[in-house]
>>> print(open('model-v8.cif').read())   # mmCIF, C-alpha atoms and all ligand atoms
data_work
loop_
_atom_site.label_atom_id
_atom_site.label_comp_id
_atom_site.auth_asym_id
_atom_site.auth_seq_id
_atom_site.Cartn_x
_atom_site.Cartn_y
_atom_site.Cartn_z
CA MET H 1 6.59 83.54 81.27
CA HIS H 2 9.25 81.57 79.41
CA ARG H 3 8.81 78.74 76.99
CA ARG H 4 10.91 75.64 76.55
CA ILE H 5 10.68 73.47 73.45
CA LEU H 6 8.94 70.18 74.14
CA PHE H 7 8.27 68.70 70.68
CA SER H 8 9.94 70.02 67.54
CA LYS H 9 8.20 70.39 64.19
CA GLU H 10 10.16 67.33 63.00
CA GLN H 11 8.99 65.22 65.94
CA ILE H 12 5.41 66.37 65.40
CA ASP H 13 5.49 65.63 61.64
CA LYS H 14 6.85 62.13 62.28
CA ARG H 15 4.23 61.32 64.92
CA VAL H 16 1.34 62.78 62.90
CA ASN H 17 2.34 60.66 59.89
CA GLU H 18 2.49 57.54 62.08
CA LEU H 19 -0.97 58.26 63.45
CA ALA H 20 -2.34 58.81 59.94
CA LEU H 21 -0.91 55.46 58.83
CA GLU H 22 -2.42 53.66 61.83
CA ILE H 23 -5.85 55.23 61.34
CA SER H 24 -5.80 54.63 57.57
CA ARG H 25 -5.07 50.93 58.20
CA ASP H 26 -7.79 50.62 60.85
CA TYR H 27 -10.42 52.26 58.64
CA GLN H 28 -9.71 50.46 55.35
CA GLY H 29 -12.98 50.10 53.43
CA VAL H 30 -14.77 52.59 55.69
CA GLU H 31 -15.30 56.27 54.98
CA PRO H 32 -14.95 57.81 58.43
CA VAL H 33 -15.99 61.31 59.42
CA PHE H 34 -13.26 63.25 61.21
CA VAL H 35 -14.71 65.85 63.56
CA GLY H 36 -12.15 68.43 64.68
CA LEU H 37 -12.66 70.28 67.93
CA LEU H 38 -11.89 73.96 67.21
CA LYS H 39 -9.78 75.98 67.50
CA GLY H 40 -6.63 74.42 68.88
CA VAL H 41 -6.88 71.41 66.57
CA ILE H 42 -6.51 73.27 63.27
CA PHE H 43 -2.87 72.52 62.43
CA PHE H 44 -2.94 68.96 63.76
CA PHE H 45 -6.21 68.29 61.93
CA SER H 46 -4.93 69.73 58.70
CA ASP H 47 -1.64 67.79 58.80
CA LEU H 48 -3.31 64.54 59.92
CA LEU H 49 -6.03 64.63 57.30
CA ARG H 50 -3.60 65.32 54.46
CA ALA H 51 -1.65 62.24 55.51
CA ILE H 52 -4.74 59.99 55.70
CA SER H 53 -4.74 57.69 52.67
CA ILE H 54 -8.39 56.56 52.70
CA PRO H 55 -11.49 58.49 51.64
CA ALA H 56 -12.73 60.58 54.55
CA ARG H 57 -15.15 63.37 55.35
CA ILE H 58 -14.37 66.25 57.65
CA ASP H 59 -16.35 68.54 59.89
CA PHE H 60 -15.80 70.76 62.91
CA ILE H 61 -17.36 71.44 66.26
CA ARG H 62 -16.52 74.13 68.79
CA ALA H 63 -17.12 73.92 72.50
CA GLU H 64 -16.78 76.69 75.02
CA SER H 65 -15.87 75.94 78.58
CA TYR H 66 -16.62 78.38 81.35
CA GLY H 67 -13.90 78.95 83.91
CA ASN H 68 -10.44 80.38 84.11
CA SER H 69 -8.08 80.36 81.15
CA MET H 70 -5.73 77.62 82.40
CA GLU H 71 -8.28 74.94 83.24
CA SER H 72 -11.49 73.44 81.93
CA SER H 73 -14.45 73.83 84.29
CA GLY H 74 -16.63 71.04 82.94
CA ASN H 75 -19.45 73.45 82.06
CA ILE H 76 -19.43 73.13 78.31
CA ARG H 77 -21.63 74.55 75.60
CA ILE H 78 -21.50 74.00 71.85
CA THR H 79 -20.89 77.29 70.02
CA LYS H 80 -20.43 75.78 66.52
CA ASP H 81 -22.13 72.51 65.73
CA VAL H 82 -21.31 69.81 63.17
CA GLU H 83 -23.02 70.12 59.80
CA VAL H 84 -22.47 66.62 58.39
CA ASP H 85 -25.19 64.08 59.23
CA LEU H 86 -23.49 61.71 61.69
CA ARG H 87 -26.22 59.04 61.70
CA SER H 88 -24.72 55.56 61.14
CA LYS H 89 -21.29 57.10 60.51
CA HIS H 90 -17.92 56.01 61.84
CA VAL H 91 -16.70 59.12 63.61
CA ILE H 92 -13.22 60.02 64.80
CA VAL H 93 -13.22 63.03 67.12
CA VAL H 94 -9.89 64.87 66.87
CA ASP H 95 -8.51 67.26 69.46
CA ASP H 96 -5.14 68.85 70.12
CA ILE H 97 -4.90 68.09 73.84
CA VAL H 98 -6.82 66.16 76.45
CA ASP H 99 -6.35 67.62 79.91
CA THR H 100 -9.20 66.97 82.37
CA GLY H 101 -10.96 65.13 79.54
CA LEU H 102 -14.24 66.93 80.28
CA THR H 103 -14.48 68.68 76.91
CA LEU H 104 -13.87 65.55 74.89
CA SER H 105 -16.23 63.37 76.96
CA HIS H 106 -18.95 65.94 76.42
CA ILE H 107 -18.27 66.03 72.68
CA VAL H 108 -18.29 62.22 72.48
CA ASP H 109 -21.73 62.28 74.17
CA VAL H 110 -22.93 64.85 71.63
CA VAL H 111 -21.64 62.77 68.70
CA ARG H 112 -23.27 59.65 70.17
CA SER H 113 -26.57 61.50 70.54
CA ARG H 114 -26.40 62.32 66.81
CA GLY H 115 -26.53 58.61 65.98
CA ALA H 116 -22.92 57.80 65.09
CA GLU H 117 -22.37 54.05 64.68
CA THR H 118 -18.86 54.06 66.13
CA ILE H 119 -16.85 56.80 67.83
CA LYS H 120 -13.12 56.91 68.39
CA VAL H 121 -10.99 59.66 69.82
CA CYS H 122 -7.68 60.97 68.50
CA ALA H 123 -5.61 63.54 70.41
CA LEU H 124 -2.16 64.84 69.67
CA ILE H 125 -1.30 65.27 73.36
CA ASP H 126 -2.62 63.16 76.19
CA LYS H 127 -1.84 65.04 79.40
CA MET H 128 -2.48 62.91 82.44
CA GLU H 129 -2.05 65.10 85.51
CA ARG H 130 -5.51 66.65 85.81
CA ARG H 131 -7.63 63.90 84.20
CA THR H 132 -11.00 63.67 85.90
CA SER H 133 -12.97 61.91 83.18
CA ASN H 134 -12.23 58.30 82.29
CA ILE H 135 -12.31 58.91 78.54
CA ASN H 136 -10.49 56.38 76.39
CA ILE H 137 -8.11 57.93 73.86
CA ASP H 138 -7.82 55.53 70.93
CA TYR H 139 -5.06 57.37 69.08
CA TRP H 140 -2.61 59.70 70.77
CA GLY H 141 0.54 61.40 69.57
CA PHE H 142 2.41 62.25 72.75
CA ARG H 143 1.78 61.46 76.40
CA ILE H 144 2.93 63.96 79.00
CA GLU H 145 2.40 64.06 82.73
CA LYS H 146 1.99 67.81 83.23
CA GLY H 147 2.86 71.28 81.97
CA PHE H 148 1.04 74.07 80.16
CA VAL H 149 1.79 73.53 76.48
CA VAL H 150 1.51 76.00 73.60
CA GLY H 151 2.25 76.16 69.89
CA TYR H 152 1.04 74.14 66.88
CA GLY H 153 -2.50 75.41 67.55
CA LEU H 154 -2.34 75.38 71.35
CA ASP H 155 -2.70 78.76 73.02
CA TYR H 156 -2.35 80.62 76.24
CA ALA H 157 -4.91 83.48 76.20
CA GLU H 158 -4.91 83.21 72.36
CA LYS H 159 -1.13 83.65 72.14
CA PHE H 160 1.44 81.21 70.71
CA ARG H 161 -0.99 79.25 68.49
CA CYS H 162 0.95 79.84 65.29
CA LEU H 163 4.33 78.55 66.47
CA PRO H 164 5.32 75.48 64.44
CA ASP H 165 6.81 73.64 67.44
CA ILE H 166 5.24 72.75 70.78
CA TYR H 167 6.54 74.45 73.93
CA VAL H 168 5.92 74.19 77.64
CA LEU H 169 5.38 77.47 79.48
CA GLU H 170 7.39 77.98 82.61
CA GLU H 171 6.94 80.65 85.26
CA LYS H 172 10.52 80.73 86.48
CA VAL H 173 13.73 80.99 84.55
CA ASN H 174 16.63 78.77 85.40
CA ASN H 175 19.74 77.87 83.48
CA ASP H 176 18.19 74.71 82.01
CA THR H 177 15.08 76.34 80.63
CA VAL H 178 16.15 79.53 78.85
CA LYS H 179 17.46 77.87 75.69
CA GLY H 180 14.16 77.55 73.83
CA ASP H 181 12.96 81.05 74.65
C1 LIG P 1 -8.56 73.15 74.92
C2 LIG P 1 -8.17 71.94 74.09
C3 LIG P 1 -9.22 70.92 74.46
C4 LIG P 1 -9.57 71.27 75.87
C5 LIG P 1 -8.88 70.32 76.79
O1 LIG P 1 -9.50 73.87 74.22
O2 LIG P 1 -8.19 72.24 72.72
O3 LIG P 1 -10.35 70.98 73.64
O4 LIG P 1 -9.09 72.59 76.12
O5 LIG P 1 -9.26 70.56 78.11
P1 LIG P 1 -10.03 69.50 78.99
O6 LIG P 1 -9.54 68.11 78.64
O7 LIG P 1 -9.60 69.89 80.39
O8 LIG P 1 -11.50 69.67 78.78
P2 LIG P 1 -9.91 75.36 74.60
O9 LIG P 1 -11.21 75.33 75.37
O10 LIG P 1 -8.76 76.06 75.25
O11 LIG P 1 -10.25 75.99 73.20
P3 LIG P 1 -9.31 76.16 71.91
O12 LIG P 1 -9.21 74.80 71.26
O13 LIG P 1 -10.04 77.13 71.07
O14 LIG P 1 -7.95 76.66 72.35
#
>>> encode(input="model-v8.cif", output="structure tokens")
Amino acid sequence: MHRRILFSKEQIDKRVNELALEISRDYQGVEPVFVGLLKGVIFFFSDLLRAISIPARIDFIRAESYGNSMESSGNIRITKDVEVDLRSKHVIVVDDIVDTGLTLSHIVDVVRSRGAETIKVCALIDKMERRTSNINIDYWGFRIEKGFVVGYGLDYAEKFRCLPDIYVLEEKVNNDTVKGD
């Protein structure tokens, strides 16, 4: 398996700062709760929240999806729940990537069931190809059509998470794709 650079650290930093500015403007005078969906979100969450210029609270949730390692099955269970009381709060659910959208739609339902007043969704990567849920992504960093992406928190079988850039994994090597490997 080879990897080709898709978004550099510089591109990611720029986009994360833009998102933070947009969210900070939209939530002026509100103290939102950012709920990060573990584990892939850690670096994005940490960079985004440090660039947010308004008072905010943070918490985390972890969902486990049954199925093979490359695809979400839609059978989702919460393995680490939020600890902040979400009743009457303005919640922004943050994830690294939306693929089928099943995980995030389930988490939005969970957050709604906890009594949040408003819920928005922020994802660094909005990947369209396999979308089966019609979830609305309010804030997104990059839109891609397809590809298995790793780095900056994103993994393949727990590998590649700690790379500072984002790569796309490719099965075959050709002359155009070996440069980033
Ligand atoms: C990944 C990613 C999203 C989800 C996207 O998490 O972080 O939460 O899959 O897939 P979906 O839109 O098809 O539901 P994963 O379950 O791999 O856990 P991780 O964050 O710990 O890597």
>>> residues_near_ligand(input="model-v8.cif", ligand="ligand LIG 1 (chain P)", cutoff="6 Å", atoms="only C-alpha atoms and all ligand atoms", output="ChimeraX atom specification")
/H:38-40,64-65,71-72,95-103,154-155
>>> closest_atom_pairs(input="model-v8.cif", of="segment 34-59 of chain H", to="segment 122-131 of chain H", cutoff="12 Å", atoms="only C-alpha atoms", output="JSON lines")
{"residue": "H:Phe34", "atom": "CA", "partner": "H:Cys122", "partner_atom": "CA", "distance": 9.5}
{"residue": "H:Val35", "atom": "CA", "partner": "H:Cys122", "partner_atom": "CA", "distance": 9.9}
{"residue": "H:Gly36", "atom": "CA", "partner": "H:Cys122", "partner_atom": "CA", "distance": 9.5}
{"residue": "H:Leu37", "atom": "CA", "partner": "H:Ala123", "partner_atom": "CA", "distance": 10.1}
{"residue": "H:Gly40", "atom": "CA", "partner": "H:Leu124", "partner_atom": "CA", "distance": 10.6}
{"residue": "H:Val41", "atom": "CA", "partner": "H:Leu124", "partner_atom": "CA", "distance": 8.7}
{"residue": "H:Ile42", "atom": "CA", "partner": "H:Leu124", "partner_atom": "CA", "distance": 11.4}
{"residue": "H:Phe43", "atom": "CA", "partner": "H:Leu124", "partner_atom": "CA", "distance": 10.6}
{"residue": "H:Phe44", "atom": "CA", "partner": "H:Leu124", "partner_atom": "CA", "distance": 7.2}
{"residue": "H:Phe45", "atom": "CA", "partner": "H:Leu124", "partner_atom": "CA", "distance": 9.4}
{"residue": "H:Asp47", "atom": "CA", "partner": "H:Leu124", "partner_atom": "CA", "distance": 11.3}
{"residue": "H:Leu48", "atom": "CA", "partner": "H:Leu124", "partner_atom": "CA", "distance": 9.8}
{"residue": "H:Leu49", "atom": "CA", "partner": "H:Cys122", "partner_atom": "CA", "distance": 11.9}
>>> atom_distance(input="model-v8.cif", atom1="atom CA of Ala51 of chain H", atom2="atom CA of Arg161 of chain H")
21.4 Å
>>> atom_distance(input="model-v8.cif", atom1="atom CA of Thr79 of chain H", atom2="atom CA of Leu19 of chain H")
28.3 Å
>>> atom_distance(input="model-v8.cif", atom1="atom CA of Ile23 of chain H", atom2="atom CA of Ile119 of chain H")
12.9 Å
>>> closest_residue(input="model-v8.cif", among="H:Ala56, H:Pro164, H:Val150, H:Leu21", to="His2 of chain H", atoms="only C-alpha atoms")
H:Val150
>>> closest_residue(input="model-v8.cif", among="H:Leu169, H:Ala116, H:Cys162, H:Leu86", to="Arg4 of chain H", atoms="all atoms listed in the file")
H:Leu169
